[in-house]
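For reference, coords-v8.txt is printed below; it contains compact mmCIF, C-alpha atoms.
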# COMPACT_ATOMS: atom_id res chain seq x y z
CA MET A 1 -12.98 29.52 -24.33
CA ASN A 2 -14.06 27.45 -21.35
CA VAL A 3 -13.88 23.69 -21.68
CA SER A 4 -15.57 20.92 -19.76
CA SER A 5 -13.41 19.74 -16.87
CA ARG A 6 -13.00 16.08 -15.94
CA ASP A 7 -12.80 17.01 -12.28
CA SER A 8 -13.29 19.83 -9.93
CA TRP A 9 -10.11 20.50 -8.00
CA LEU A 10 -9.12 21.70 -4.55
CA VAL A 11 -6.35 24.22 -4.07
CA VAL A 12 -5.12 23.77 -0.51
CA SER A 13 -2.94 26.41 1.12
CA VAL A 14 -1.64 25.77 4.63
CA SER A 15 0.71 27.66 6.94
CA THR A 16 1.83 26.27 10.30
CA ALA A 17 4.42 28.97 11.03
CA ARG A 18 2.68 30.03 14.26
CA SER A 19 2.01 26.52 15.52
CA GLY A 20 4.17 23.66 16.75
CA GLY A 21 6.52 21.71 14.54
CA SER A 22 4.51 18.53 15.09
CA LEU A 23 1.52 20.08 13.28
CA ARG A 24 3.69 20.82 10.26
CA VAL A 25 4.74 17.16 10.12
CA GLN A 26 1.15 15.95 10.55
CA VAL A 27 -0.07 18.21 7.74
CA TRP A 28 2.74 17.13 5.43
CA ARG A 29 2.14 13.44 6.13
CA ARG A 30 -1.64 13.70 5.61
CA LEU A 31 -1.38 15.61 2.36
CA ARG A 32 1.26 13.22 1.10
CA SER A 33 -0.94 10.24 2.01
CA LEU A 34 -3.71 11.84 -0.07
CA GLY A 35 -1.29 12.16 -2.99
CA ALA A 36 -1.31 15.96 -3.10
CA LEU A 37 0.55 17.62 -5.96
CA TYR A 38 2.52 20.60 -4.63
CA LEU A 39 2.39 23.75 -6.72
CA HIS A 40 4.86 25.47 -4.42
CA GLN A 41 5.68 25.39 -0.73
CA GLY A 42 2.51 25.33 1.37
CA THR A 43 0.12 25.08 -1.59
CA CYS A 44 -1.02 21.90 -3.27
CA LEU A 45 -3.68 20.53 -5.59
CA LEU A 46 -6.04 17.58 -5.18
CA PRO A 47 -9.08 16.32 -7.08
CA ALA A 48 -12.27 17.47 -5.32
CA ARG A 49 -13.75 14.02 -4.92
CA PRO A 50 -16.01 13.63 -1.88
CA PRO A 51 -13.71 11.46 0.28
CA VAL A 52 -10.74 13.70 -0.50
CA ALA A 53 -12.72 16.89 0.15
CA ARG A 54 -13.84 15.56 3.54
CA GLU A 55 -10.29 14.73 4.58
CA VAL A 56 -8.97 18.09 3.40
CA ARG A 57 -11.63 20.03 5.29
CA ARG A 58 -10.97 18.03 8.46
CA LEU A 59 -7.28 18.78 8.10
CA ALA A 60 -7.97 22.49 7.53
CA ASP A 61 -10.13 22.61 10.66
CA LYS A 62 -7.36 20.96 12.68
CA VAL A 63 -4.78 23.45 11.39
CA ARG A 64 -6.97 26.40 12.35
CA ARG A 65 -7.71 24.98 15.80
CA GLU A 66 -4.01 24.59 16.48
CA GLY A 67 -3.06 28.12 15.48
CA GLY A 68 -2.20 27.72 11.82
CA THR A 69 -3.93 29.09 8.77
CA ALA A 70 -5.60 27.07 6.02
CA ARG A 71 -7.54 27.94 2.92
CA VAL A 72 -9.34 25.48 0.65
CA LEU A 73 -10.55 26.72 -2.73
CA GLN A 74 -12.48 24.78 -5.34
CA MET A 75 -11.60 25.37 -8.99
CA GLU A 76 -11.97 23.97 -12.48
CA PHE A 77 -9.52 24.09 -15.34
CA VAL A 78 -10.52 26.10 -18.37
CA ASP A 79 -7.75 24.57 -20.49
CA ALA A 80 -8.11 20.83 -21.09
CA ALA A 81 -4.45 20.49 -22.04
CA GLU A 82 -3.37 22.11 -18.77
CA GLU A 83 -5.64 19.79 -16.80
CA GLN A 84 -4.24 16.76 -18.64
CA SER A 85 -0.73 17.95 -17.81
CA VAL A 86 -1.63 18.00 -14.11
CA ILE A 87 -3.22 14.54 -14.37
CA ASP A 88 -0.02 13.29 -16.01
CA GLU A 89 1.93 14.62 -13.03
CA PHE A 90 -0.34 12.76 -10.62
CA ASN A 91 0.10 9.58 -12.65
CA ALA A 92 3.88 10.00 -12.78
CA ALA A 93 3.99 10.33 -9.00
CA ARG A 94 1.94 7.17 -8.53
CA ASP A 95 3.98 5.28 -11.12
CA ALA A 96 7.14 6.14 -9.18
CA GLU A 97 5.53 4.52 -6.13
CA TYR A 98 4.32 1.47 -8.07
CA ALA A 99 7.85 1.13 -9.48
CA GLU A 100 9.19 0.79 -5.94
CA VAL A 101 6.81 -2.11 -5.35
CA LEU A 102 7.90 -3.72 -8.62
CA GLN A 103 11.54 -3.27 -7.59
CA ARG A 104 11.03 -4.98 -4.20
CA VAL A 105 8.80 -7.94 -5.17
CA PRO A 106 11.59 -9.93 -6.94
CA GLU A 107 13.46 -10.05 -3.61
CA LEU A 108 10.67 -12.24 -2.22
CA HIS A 109 10.80 -14.60 -5.20
CA ALA A 110 14.59 -14.83 -4.80
CA GLU A 111 14.28 -15.57 -1.08
CA LEU A 112 11.74 -18.35 -1.67
CA ALA A 113 13.91 -19.86 -4.41
CA ALA A 114 16.96 -19.78 -2.13
CA GLU A 115 15.07 -21.52 0.68
CA ARG A 116 13.86 -24.19 -1.76
CA SER A 117 17.41 -24.82 -3.00
CA ARG A 118 18.62 -25.17 0.59
CA GLY A 119 15.79 -27.53 1.44
CA ASN A 120 14.61 -25.09 4.09
CA VAL A 121 10.92 -25.23 3.20
CA THR A 122 9.46 -24.73 6.67
CA TYR A 123 6.45 -23.17 8.36
CA ALA A 124 8.72 -20.50 9.86
CA GLU A 125 9.75 -19.41 6.37
CA VAL A 126 6.10 -19.43 5.28
CA GLU A 127 5.20 -17.09 8.16
CA GLU A 128 8.07 -14.73 7.40
CA SER A 129 7.24 -14.53 3.70
CA GLU A 130 3.52 -14.21 4.43
CA SER A 131 4.31 -11.06 6.42
CA ASP A 132 6.20 -9.74 3.39
CA VAL A 133 3.25 -10.40 1.08
CA GLU A 134 0.88 -8.66 3.49
CA ARG A 135 3.20 -5.65 3.61
CA PHE A 136 3.19 -5.53 -0.19
CA ARG A 137 -0.61 -5.67 -0.25
CA SER A 138 -0.90 -2.93 2.37
CA TRP A 139 1.63 -0.76 0.53
CA LEU A 140 -0.17 -1.31 -2.77
CA GLY A 141 -3.51 -0.44 -1.15
CA LYS A 142 -2.18 2.88 0.12
CA ILE A 143 -0.87 3.79 -3.32
CA ALA A 144 -4.10 2.72 -5.01
CA ALA A 145 -6.14 4.90 -2.63
CA ARG A 146 -4.40 7.99 -4.00
CA ASP A 147 -4.22 6.77 -7.59
CA TYR A 148 -7.09 8.94 -8.79
CA PHE A 149 -6.51 8.57 -12.52
CA GLY A 150 -5.33 4.98 -13.04
CA ALA A 151 -1.57 5.33 -13.38
CA PRO A 152 -0.12 3.06 -16.10
CA LEU A 153 1.88 0.82 -13.74
CA SER A 154 -1.03 0.04 -11.42
CA GLY A 155 -2.02 -3.18 -13.18
CA GLU A 156 1.56 -4.40 -13.45
CA ALA A 157 2.15 -3.77 -9.74
CA ARG A 158 -1.02 -5.62 -8.73
CA ALA A 159 -0.09 -8.55 -10.97
CA ALA A 160 3.41 -8.68 -9.45
CA VAL A 161 2.04 -8.85 -5.91
CA ASP A 162 -0.47 -11.52 -6.98
CA ARG A 163 2.40 -13.58 -8.47
CA ALA A 164 4.32 -13.22 -5.20
CA ALA A 165 1.28 -14.50 -3.29
CA ALA A 166 0.98 -17.45 -5.71
CA ASP A 167 4.68 -18.25 -5.31
CA LEU A 168 4.25 -18.25 -1.54
CA ALA A 169 1.17 -20.48 -1.81
CA ALA A 170 3.20 -23.02 -3.82
CA PHE A 171 6.01 -22.81 -1.25
CA GLU A 172 3.48 -23.41 1.53
CA GLU A 173 2.13 -26.50 -0.22
CA ILE A 174 5.65 -27.96 -0.27
CA ALA A 175 6.10 -27.12 3.43
CA LEU A 176 2.74 -28.69 4.26
CA SER A 177 3.55 -31.84 2.33
CA ALA A 178 6.94 -32.19 4.00
CA ASP A 179 5.46 -31.58 7.44
CA THR A 180 2.66 -34.13 7.12
CA THR A 181 4.59 -36.96 5.46
CA THR A 182 7.66 -36.93 7.69
CA GLY A 183 6.58 -36.77 11.31
CA PRO A 184 8.93 -36.95 14.33
CA ASP A 185 10.28 -40.28 15.60
CA PRO A 186 8.46 -41.83 18.57
CA ALA A 187 9.77 -40.82 21.96
CA PRO A 188 12.55 -43.11 23.31
CA GLY A 189 11.14 -46.13 25.13
CA LEU A 190 7.66 -45.65 23.70
CA ARG A 191 6.29 -48.59 21.71
CA ALA A 192 2.90 -49.68 20.51
CA VAL A 193 0.90 -51.80 22.93
CA PRO A 194 -1.21 -54.59 21.35
CA ASN A 195 -4.92 -54.31 21.82
CA GLN A 196 -5.73 -56.87 24.52
CA ARG A 197 -9.18 -57.48 23.10
CA GLU A 198 -7.80 -58.46 19.72
CA GLY A 199 -6.01 -61.48 21.21
CA ALA A 200 -8.65 -62.47 23.73
CA GLY A 201 -10.51 -64.84 21.50
CA GLU A 202 -7.48 -66.39 19.87
Could you render the structure as structure tokens?
Amino acid sequence: MNVSSRDSWLVVSVSTARSGGSLRVQVWRRLRSLGALYLHQGTCLLPARPPVAREVRRLADKVRREGGTARVLQMEFVDAAEEQSVIDEFNAARDAEYAEVLQRVPELHAELAAERSRGNVTYAEVEESESDVERFRSWLGKIAARDYFGAPLSGEARAAVDRAAADLAAFEEIALSADTTTGPDPAPGLRAVPNQREGAGE
């Protein structure tokens, strides 16, 4: 008996055997960036959401123009359990990516703590760590863009990156305070000159 499907799906089949090796790499990278689930070599599955469908059709056109073959078929599951199994696979793949973020974020906290303990709370360290936080945010954004079904670790990963940003903000406050309360000594030979007008009437 047919069941109502949560999503329509795209079955994407691509062959680049008659085209250059660079096309094969481009296709692989693009499908991976979309979060495609491979059924077997050269054939993968994606949810048929409008932005995804547009990207897949553009990719298929490119493959055909460059001498490869591509076929994009739209389908629906008739078995809800089978569809849920596929969704679970998508979520597992995204959770593996979120887990990498969660594994890396503590390194930033450890680095900031080490710099605090050494008294090396400087603007240079703020800049370096800020670049790390931005990389985490960019990485998280790429994963989230292909997280079609809300993988379980998504919230935890976002919270971890937010905590890293907060830790950096606290570190920056310390650096700012140190920088503005302890300025450099005056240049040798430079001394304050009394205001001549102040003594004129004395």
Skipping near chain neighbours, those fewer than 3 positions away, what residues fall within 9 Å of range 30-35 of chain A using all atoms listed in the file, listed as a PDB file with C-alpha atoms, keeping the file's coordinate frame?
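Dumped to result_18.pdb:
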ATOM      1  CA  VAL A  25       4.740  17.160  10.120  1.00  0.00           C
ATOM      2  CA  GLN A  26       1.150  15.950  10.550  1.00  0.00           C
ATOM      3  CA  VAL A  27      -0.070  18.210   7.740  1.00  0.00           C
ATOM      4  CA  CYS A  44      -1.020  21.900  -3.270  1.00  0.00           C
ATOM      5  CA  LEU A  46      -6.040  17.580  -5.180  1.00  0.00           C
ATOM      6  CA  VAL A  52     -10.740  13.700  -0.500  1.00  0.00           C
ATOM      7  CA  GLU A  55     -10.290  14.730   4.580  1.00  0.00           C
ATOM      8  CA  VAL A  56      -8.970  18.090   3.400  1.00  0.00           C
ATOM      9  CA  LEU A  59      -7.280  18.780   8.100  1.00  0.00           C
ATOM     10  CA  PHE A  90      -0.340  12.760 -10.620  1.00  0.00           C
ATOM     11  CA  ALA A  93       3.990  10.330  -9.000  1.00  0.00           C
ATOM     12  CA  ARG A  94       1.940   7.170  -8.530  1.00  0.00           C
ATOM     13  CA  LYS A 142      -2.180   2.880   0.120  1.00  0.00           C
ATOM     14  CA  ILE A 143      -0.870   3.790  -3.320  1.00  0.00           C
ATOM     15  CA  ALA A 145      -6.140   4.900  -2.630  1.00  0.00           C
ATOM     16  CA  ARG A 146      -4.400   7.990  -4.000  1.00  0.00           C
ATOM     17  CA  ASP A 147      -4.220   6.770  -7.590  1.00  0.00           C
ATOM     18  CA  TYR A 148      -7.090   8.940  -8.790  1.00  0.00           C
TER      19      TYR A 148
END
Produce a table with one row for each residue of range 53-119 of chain A that has an atom at most 9 Å from any atom of range 123-141 of chain A, each row naming the nearest atom pair and its distance in Å at one decimal; use all atoms listed in the file; arrange rows by chain and rising residue number; format as a Markdown table.
| residue | atom | partner | partner_atom | distance |
| --- | --- | --- | --- | --- |
| A:Glu97 | CA | A:Leu140 | CA | 8.8 |
| A:Tyr98 | CA | A:Leu140 | CA | 7.5 |
| A:Val101 | CA | A:Phe136 | CA | 7.2 |
| A:Arg104 | CA | A:Phe136 | CA | 8.8 |
| A:Val105 | CA | A:Phe136 | CA | 7.9 |
| A:Leu108 | CA | A:Ser129 | CA | 7.2 |
| A:Glu111 | CA | A:Ser129 | CA | 8.6 |
| A:Leu112 | CA | A:Ser129 | CA | 8.0 |
| A:Glu115 | CA | A:Glu125 | CA | 8.1 |
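The interatomic distance for the pair CA of Ser13 in chain A and CA of Ala70 in chain A works out to 5.6 Å.
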Practice prompt. Kindly give the distance, in Å, that separates CA of Val14 in chain A and CA of Val86 in chain A, rounded to a single decimal.
Written response: 20.3 Å
Item to complete: Give me the residues within 8 Å of Asp95 in chain A as a list in words, counting only C-alpha atoms and dropping any in the same chain fewer than 2 places off.
Response: Asn91, Ala92, Ala93, Glu97, Tyr98, Ala99, Ala151, Pro152, Leu153 and Ser154 of chain A
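As for CA of Val72 in chain A and CA of Ala60 in chain A, they are spaced 7.6 Å apart.
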Worksheet item: Which is closest to Ala17 in chain A among A:Gly119, A:Leu102, A:Ala157, A:Glu66, if we use only C-alpha atoms?
Response: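 For Ala17 in chain A, the nearest of the given residues is A:Glu66.
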Box time for range 37-54 of chain A: axis-aligned, enclosing all its listed atoms, 8 Å extra on each side; report centre and edge lengths in Å to one decimal, as AutoDock Vina command-line options.
--center_x -5.2 --center_y 18.5 --center_z -1.8 --size_x 37.7 --size_y 30.0 --size_z 26.6
Practice prompt. Find the spatial neighbours of range 172-175 of chain A, counting all atoms listed in the file, within a cut-off of 9 Å - ignore same-chain residues fewer than 4 positions away - and output them as a count of residues only.
Written response: 10
Discussion item. Under the rule that all atoms listed in the file are counted, which of A:Val12, A:Ala166, A:Ala178, A:Leu39 is the nearest residue to Met75 in chain A?
Written reply: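 Selected residue with least distance to Met75 in chain A: A:Val12.
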Could you pull range 2-38 of chain A out of the structure just shown and give C-alpha atoms as an mmCIF file, in the first residue's frame?
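Final output, saved to decode39.cif:
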data_model
loop_
_atom_site.group_PDB
_atom_site.id
_atom_site.type_symbol
_atom_site.label_atom_id
_atom_site.label_comp_id
_atom_site.auth_asym_id
_atom_site.auth_seq_id
_atom_site.Cartn_x
_atom_site.Cartn_y
_atom_site.Cartn_z
ATOM 1 C CA ASN A 2 1.324 3.442 -0.856
ATOM 2 C CA VAL A 3 2.111 5.778 2.011
ATOM 3 C CA SER A 4 2.489 9.525 2.157
ATOM 4 C CA SER A 5 6.113 10.544 1.689
ATOM 5 C CA ARG A 6 7.781 13.293 3.715
ATOM 6 C CA ASP A 7 9.839 14.303 0.717
ATOM 7 C CA SER A 8 10.181 13.750 -2.938
ATOM 8 C CA TRP A 9 13.645 12.489 -3.759
ATOM 9 C CA LEU A 10 16.145 12.779 -6.586
ATOM 10 C CA VAL A 11 18.047 9.771 -7.838
ATOM 11 C CA VAL A 12 21.167 11.126 -9.532
ATOM 12 C CA SER A 13 23.228 8.899 -11.805
ATOM 13 C CA VAL A 14 26.420 10.320 -13.311
ATOM 14 C CA SER A 15 29.172 8.851 -15.465
ATOM 15 C CA THR A 16 32.296 10.814 -16.405
ATOM 16 C CA ALA A 17 34.157 7.892 -18.005
ATOM 17 C CA ARG A 18 34.411 9.659 -21.380
ATOM 18 C CA SER A 19 35.391 13.050 -19.985
ATOM 19 C CA GLY A 20 38.427 14.436 -18.197
ATOM 20 C CA GLY A 21 39.439 13.431 -14.708
ATOM 21 C CA SER A 22 38.879 16.979 -13.460
ATOM 22 C CA LEU A 23 35.145 16.671 -14.192
ATOM 23 C CA ARG A 24 34.947 13.537 -12.078
ATOM 24 C CA VAL A 25 36.507 15.408 -9.148
ATOM 25 C CA GLN A 26 34.190 18.399 -9.640
ATOM 26 C CA VAL A 27 31.116 16.163 -9.690
ATOM 27 C CA TRP A 28 32.234 14.271 -6.603
ATOM 28 C CA ARG A 29 32.981 17.472 -4.689
ATOM 29 C CA ARG A 30 29.653 19.099 -5.619
ATOM 30 C CA LEU A 31 27.565 16.077 -4.711
ATOM 31 C CA ARG A 32 29.449 15.681 -1.459
ATOM 32 C CA SER A 33 28.896 19.366 -0.639
ATOM 33 C CA LEU A 34 25.169 18.776 -1.166
ATOM 34 C CA GLY A 35 25.316 15.839 1.241
ATOM 35 C CA ALA A 36 24.396 13.180 -1.318
ATOM 36 C CA LEU A 37 23.855 9.658 -0.033
ATOM 37 C CA TYR A 38 25.509 7.171 -2.402
#
